[in-house]
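Notes follow the structure.
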Amino acid sequence: VNESYKPEFIELKKWLKDRKFEDTNLIPACFPGTGRGLMSKTSLREGQMIISLPESCLLTTDTVLRSYLGAYIAKWQPPPSPVLALCTFLVSEKHAGDRSPWKPYLEVLPKAYTCPVCLEPEVVNLLPRPLKAKAREQRTHVQEFVSSSRDFFSSLQPLFSEAVESIFSYSALLWAWCTVNTRAVYMERAPRQCFSAEPDTCVLAPFLDLLNHSPDAQVKAAFNEETRCYEIRTAVSCGKHQEVLICYGPHDNHRLLLEYGFVSVRNPHACVYVSKDILVKYLPSTDKRMNQKISILEDHDFTENLTFGWDGPSWRLLTALKLLCLEAEELTCWKKVLIGEIISDTNEKASLDIAQKICHYFIKESKAVLQKVSHMKDEEVSLINQLTLVETLWTEELKILQASAETLTSLQTAFT
């Protein structure tokens, strides 16, 4: 559905035109599955420029330093981070309302986000274990980001008639942090003394940031130093009146949800993570060498990134299981296992059997969580959007596990 007639997009278009940007290829539209995005007005050929956004439209740390905040940032010690500068600018400009020259851009930004840091605790609790841990880390990071910046916000009091505590509230800063974290494009900038040592790579790109993600999209995106524009070229053709998509990177669904607040259906990079405690859950408790085997895996970085994917258990997962399944007399061969050599048919079969048991354990868990989410959707109507997001994630994980179980069955059959 074309959305270019909406008042906020008409205002954005005027604002962009004043800053020397007028787009003829793309218009805002709402799409099933991805929501608001950009639609091609004409067919786009391979290698064609999708968008070329002038530097005057970009919101960078330079924008912040040139503003009323510049003098306060320059004298603040220890120097604030580039992300803090951008977040402070977003909150103060949003607070300025109609007086802000950035109002047309601020008006089209999401009012709320669905990154884990914004989800209710009972929804976070439903996430897969590895993601739940990362979600809690994200919440702690944002809380520390806000609390450690309180003195800096107090220094800005001369700029405002209201108390800075009410302007730079946790909810306002959470919104700004999510805006930068989910919508910024990557652009390297030289370090400056007025900022902390953190990389200054986040830039907000109005209109361009309406482009949605697809793992299959192929584009080239970068700031062109000669034209002084942020440019995106498509590496594939795109039909007329179709959604134009870009790829945010080869991310699995845990990373997409954590960083951007969405899940990609049929994502080829999606996987199910197996933690160390699950790894040993189905191994014989009588194995006296288990601790030694786990130490070997830890020393060689084989307890992280063990996964099930669309094409079955990963090489890393099977390798870890093969080492854990070694008989006492085979343990001297552990180095051969880590470089992919086959030790014995018994070892191969044992590792496949354990992989299948772990896979079935996860299938059972996925179904149980999906049932729980379904009940909660009936009872907690206010959380329906957040619960649907979690439901999509678990549904994808279940499909991956079912595909892995089939692969394992055929591998086991090959052994019998």
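Starting from 1 in every chain, residues are counted up; chains themselves are A, B, ... following the order of the structure tokens, and ligands are numbered from 1 as listed.
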Write out as a count of residues only all residues of region 68-166 of chain A that DSSP puts in alpha helix (DSSP H) for this structure's backbone. 59
Counting only C-alpha atoms, which residues of region 364-409 of chain A sit at most 9 Å from some atom of region 312-332 of chain A, and what is each one's closest atom pair with its distance in Å to one decimal, listed by chain and rising residue number, as a Markdown table?
```
| residue | atom | partner | partner_atom | distance |
| --- | --- | --- | --- | --- |
| A:Ile400 | CA | A:Gly312 | CA | 8.0 |
| A:Leu401 | CA | A:Gly312 | CA | 7.9 |
| A:Ala403 | CA | A:Gly312 | CA | 6.7 |
| A:Ser404 | CA | A:Gly312 | CA | 3.9 |
| A:Ala405 | CA | A:Gly312 | CA | 7.2 |
| A:Glu406 | CA | A:Gly312 | CA | 8.0 |
| A:Thr407 | CA | A:Gly312 | CA | 5.5 |
| A:Leu408 | CA | A:Gly312 | CA | 6.8 |
```
Any chance you could tabulate, as a tab-separated table, the residues of region 193-277 of chain A at most 10 Å from region 354-374 of chain A with each one's nearest atom pair and distance in Å to one decimal, using only C-alpha atoms, in chain and rising number order?
```
residue	atom	partner	partner_atom	distance
A:Val272	CA	A:Phe362	CA	8.8
A:Tyr273	CA	A:Phe362	CA	9.9
A:Val274	CA	A:Ile358	CA	8.5
```
Using 6 Å as the limit and counting only C-alpha atoms, can you tabulate each residue of region 183-301 of chain A that touches region 80-102 of chain A, with its shortest atom-to-atom distance in Å and the two atoms involved, as CSV?
```
residue,atom,partner,partner_atom,distance
A:Phe195,CA,A:Pro80,CA,5.3
A:Ser196,CA,A:Ser81,CA,4.9
A:Asp200,CA,A:Pro82,CA,5.6
```
Kindly indicate which residue among A:Val337, A:Leu257, A:Leu59, A:Leu44 lies nearest to Tyr113 (chain A), using only C-alpha atoms for the distances.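 Of the candidates, the smallest distance to Tyr113 (chain A) is held by A:Leu257.
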Kindly give the distance, in Å, that separates CA of Glu243 (chain A) and CA of Asn212 (chain A), rounded to a single decimal.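 So the answer is 8.5 Å.
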